[in-house]
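Participant: Take a look at the following structure, please.
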Amino acid sequence: MISKLFNQESKTIAGAALLIGVSSILSRILGLFRDRMLVGRFGVGDELDAYYASFQVPNFLFALLILGVFAAAFIPVFTEYLAKGRREEAWRMTDRILSIVAVVMGVLSLALSLGAHWLVPHIAPGFTGEKLQLTIMLTRVMMLSPFVLALSAVFSSVLNSNRRFLAVAFAPPIYNAAIIFGIVFLSKPFGVMGVAYGAIIGTVLHLLVQVPPAMALGWRLRFALDAKHEGVREVGRLFLPRVLGVDISQISQFIGTAIGTTFGVGAPALFNLAMNISAVPLGAFAIPFSIAAFPALSEASARGDRDGFRDIFAATFRQILFFLIPLSAMAVVLRVHIVRVLIGARGLDWNDTRLAAASLGVFAVSLAFQGLAPLLARAFYALKNTFIPVLVSFAAMAVNIAVTLACKAWLSTGPGAATVWLWLGLFGVDDVRVLALAAAFSVASALQVIVLAFVLRKKFGRIGGAGILRAFGKFFLGAAACAWVAWQVVQPRMVTLDTRGSLSVLKEASVASLLGIVAYVLVLYLLKSEELMAIAGAMHRRFLKFEKPLAVSDTQDL
């Protein structure tokens, strides 16, 4: 029965995406629990700063050389083989890609691990002494993760291409559970190094859980370093320009953490904590919809079905907005409640809580843009166009760096800090420069999506823009009602928030969220939102009738 469940095929995008979200929510909940335990165990200080900094090089390497390959190149080529009935040839290409990935990533991971003593001072310029040495040791251990996760990404891409999602869905929760195991059991004898050991255990399990269903589809291990295979050459052709087009969220986190190391103790940790929280709705809704739509977009492109491609893209675009616009509004209103509940007061004082909450609020403003970026990128990848996303990524990177430096300078001045104190309620917090990192990320994300959408419209033609704008208007009105209702619930007791326990804050935030969601749904119902009806129908079919008990999660988040 388990084998049958792991190999069941998902038939529809909306239903698959909803179940992807369920699995992803589980993984994100474990991730938030992981962060809460990290703060409680180590506090917002040198050890946690070093831990988050040690992830940056492995994360960036994985995103640059692996995440982009399978998002931009592998799946379209693999699905094209399947569409033409050349399944055996698809497996031969997979063997060669897997072999090349193992050799290349193995050599790079080993080289960067051995050279960590030279590399880390450049990516954490604010660290010195014991803190720097701890970061170097952690980085040496963590450099094993991109090698293992690169192999895992091959299997994830194969399973996603075949719409066998359940095994892929199990991988991220297992990864986070292994890190929690490291915090609980390995941090006592090994300190923060024990958490790194737990992360490596998680990457291995992330890989192993996906191998059996891939074998059930017909894959067999055959090591073959053959770069002359037509499929390998096609993947390489699409891959090479994508190397320079790394996801803006990855480069932003890399830049933000590096610059944050110069802001003082706790800045890298606060930035990463806020970013991890803001990523929860992306992993629960935006990324699952993008993943579920990508094979269908690739197939429509391979068949030359322009109408089908447009309909899939526009529907997925609207569905992502349906979820993210109200969540963005609620996150701004409930930002302090969210941090207080998810991270807690242990290891996080009130000023740090407010700084993390303010960063979360800035991230939340651009939540819809962040959620649409994966879909727009995949639309270009499905069309086998990697050049345009590369150019846009370069522009977004430049804007990110420029805005970070400009905001840092502005927030270092009296007028800049005073403006933030007034807007975000940070009176009494002396150093607010960490907000520059979130602001730059949000601006760069918005730019990336606007430019990609504009270029896609020019290159492809109509992309359903009129329907998207109508839907956006409805979502915006619903979100405004949602935010207003939530604010009415929490506003009377905001002045006592710092003195109340997590349970009291959780109850208040839950009531505000529930009533806000009711207001949002009611407004959309009155406005006869097609997305509301479609998603309600998909939930009814999937969860009430249990027709296809399937789940998927984003396999590409480190």
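If you're wondering about the labels, chains in the structure tokens are A, B, ... by order shown, residues count from 1 in each chain, ligands from 1 in order shown.
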Step one, run DSSP on the backbone; step two, keep only residues of stretch 231-414 of chain A assigned to helix (DSSP H, G or I); then write them as a PyMOL selection string.
Facilitator: chain A and resi 231-242+248-260+267-303+306-333+335-342+350-365+367-382+387-411+414
Participant: Compile the contact shell of A:Trp350 as a list in words: residues with an atom at most 10 Å away, counting only C-alpha atoms, same-chain residues fewer than 3 positions apart removed.
Facilitator: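 So, after excluding close chain neighbours, the residues are Arg340, Ala345, Thr353, Arg354, Leu355, Ala356, Val429, Leu497, Asp498 and Thr499 of chain A.
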Participant: Need to verify the contact set: A:Val392, 9 Å, only C-alpha atoms, exclusion of same-chain residues closer than 5 positions in sequence. Can you return it as a PyMOL selection string?
Facilitator: chain A and resi 245+387+397+447-449+451-452
Participant: I'd like the interatomic distance between atom CA of A:Leu138 and atom CA of A:Ser54, to a tenth of an Å.
Facilitator: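 Computing it gives 5.7 Å between the two atoms.
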Participant: Which is closest to A:Leu82 among A:Gly106, A:Ala227, A:Ser298, A:Ile200, if we use only C-alpha atoms?
Facilitator: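 Using only C-alpha atoms, A:Leu82 sits closest to A:Ser298.
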Participant: Ranking A:Val443, A:Ala286, A:Leu324, A:Ala169 by minimum distance to A:Tyr520 and counting only C-alpha atoms, which one comes first?
Facilitator: A:Leu324
Participant: Which of these, A:Asp430, A:Gly516, A:Gly361, A:Glu508, has the shortest distance to A:Pro492 once you count only C-alpha atoms?
Facilitator: A:Glu508
Participant: Using only C-alpha atoms, which residue out of A:Ala102, A:Ala379, A:Leu205, A:Ile343 lies closest to A:Arg457?
Facilitator: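 Looking at the shortest contact to A:Arg457, the residue is A:Ala379.
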Participant: Give me the residues near A:Ala406 as a short mmCIF file (atom, residue, chain, number, x, y, z; two decimals) with N, CA and C atoms, in the first residue's frame, where near means some atom within 12 Å (using only C-alpha atoms) and where sequence neighbours in that chain fewer than 3 positions away do not count.
Facilitator:
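result.cif, written as the output of this step:
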```cif
data_model
loop_
_atom_site.label_atom_id
_atom_site.label_comp_id
_atom_site.auth_asym_id
_atom_site.auth_seq_id
_atom_site.Cartn_x
_atom_site.Cartn_y
_atom_site.Cartn_z
N VAL A 399 20.24 46.10 -8.01
CA VAL A 399 19.32 46.92 -7.21
C VAL A 399 19.38 46.51 -5.75
N ASN A 400 19.46 45.21 -5.50
CA ASN A 400 19.52 44.72 -4.12
C ASN A 400 20.73 45.29 -3.38
N ILE A 401 21.88 45.22 -4.01
CA ILE A 401 23.09 45.73 -3.37
C ILE A 401 23.01 47.24 -3.16
N ALA A 402 22.55 47.96 -4.20
CA ALA A 402 22.47 49.42 -4.11
C ALA A 402 21.50 49.86 -3.02
N VAL A 403 20.34 49.22 -2.96
CA VAL A 403 19.34 49.59 -1.96
C VAL A 403 19.82 49.23 -0.56
N ALA A 409 22.99 53.36 5.00
CA ALA A 409 23.46 54.72 5.28
C ALA A 409 22.34 55.59 5.85
N TRP A 410 21.14 55.46 5.27
CA TRP A 410 20.01 56.28 5.72
C TRP A 410 19.58 55.92 7.13
N LEU A 411 19.54 54.63 7.44
CA LEU A 411 19.11 54.20 8.76
C LEU A 411 20.16 54.46 9.84
N SER A 412 21.38 54.78 9.42
CA SER A 412 22.43 55.14 10.38
C SER A 412 22.31 56.59 10.83
N THR A 413 21.44 57.36 10.14
CA THR A 413 21.26 58.77 10.49
C THR A 413 20.08 58.94 11.44
N GLY A 416 16.59 58.99 9.53
CA GLY A 416 16.22 57.66 9.05
C GLY A 416 15.72 56.78 10.17
N ARG A 433 19.65 49.23 11.60
CA ARG A 433 20.22 49.02 10.27
C ARG A 433 19.85 47.67 9.66
N LEU A 435 17.13 46.47 9.20
CA LEU A 435 15.95 46.61 8.33
C LEU A 435 16.34 46.91 6.88
N ALA A 436 17.55 47.42 6.67
CA ALA A 436 18.02 47.68 5.31
C ALA A 436 18.06 46.40 4.50
N LEU A 437 18.35 45.28 5.14
CA LEU A 437 18.46 44.01 4.44
C LEU A 437 17.10 43.56 3.92
N ALA A 439 14.47 45.54 3.43
CA ALA A 439 13.98 46.53 2.47
C ALA A 439 14.57 46.28 1.09
N ALA A 440 15.87 46.02 1.03
CA ALA A 440 16.52 45.76 -0.26
C ALA A 440 15.98 44.50 -0.91
#
```
Participant: Neighbours of A:Leu132 within 10 Å (only C-alpha atoms; same-chain residues fewer than 4 positions away dropped), as number ranges by chain?
Facilitator: A: 46, 50, 53, 117, 120-121, 124-128, 136-138
Participant: Find the residue from A:Gly31, A:Phe460, A:Val104, A:Arg92 that sits nearest to A:Phe62; use only C-alpha atoms when measuring.
Facilitator: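 Nearest candidate to A:Phe62 out of A:Gly31, A:Phe460, A:Val104, A:Arg92: A:Val104.
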Participant: By how many Å are atom CA of A:Leu477 and atom CA of A:Val341 apart?
Facilitator: 27.9 Å
Participant: Hey, which of A:Ala284, A:Val490, A:Leu383, A:Leu112 ends up closest to A:Arg303? Count only C-alpha atoms.
Facilitator: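 Looking at the shortest contact to A:Arg303, the residue is A:Leu383.
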Participant: Name the residues in contact with A:Ala199 at a cut-off of 12 Å, using only C-alpha atoms, excluding same-chain residues fewer than 2 positions from it; report them as number ranges by chain.
Facilitator: A: 31, 34, 51, 54-55, 58, 138-139, 141-146, 148-149, 172-183, 186-187, 192-197, 201-206, 558
Participant: Any idea what's packed within 6 Å of A:Val235, counting only C-alpha atoms, ignoring anything in its chain fewer than 4 positions away? Could you give it as a list in words?
Facilitator: Ala73, Phe74 and Phe239 of chain A
Participant: Calculate how many Å separate atom CA of A:Leu342 from atom CA of A:Asp49, rounding to one decimal.
Facilitator: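 Separation of atom CA of A:Leu342 and atom CA of A:Asp49: 18.7 Å.
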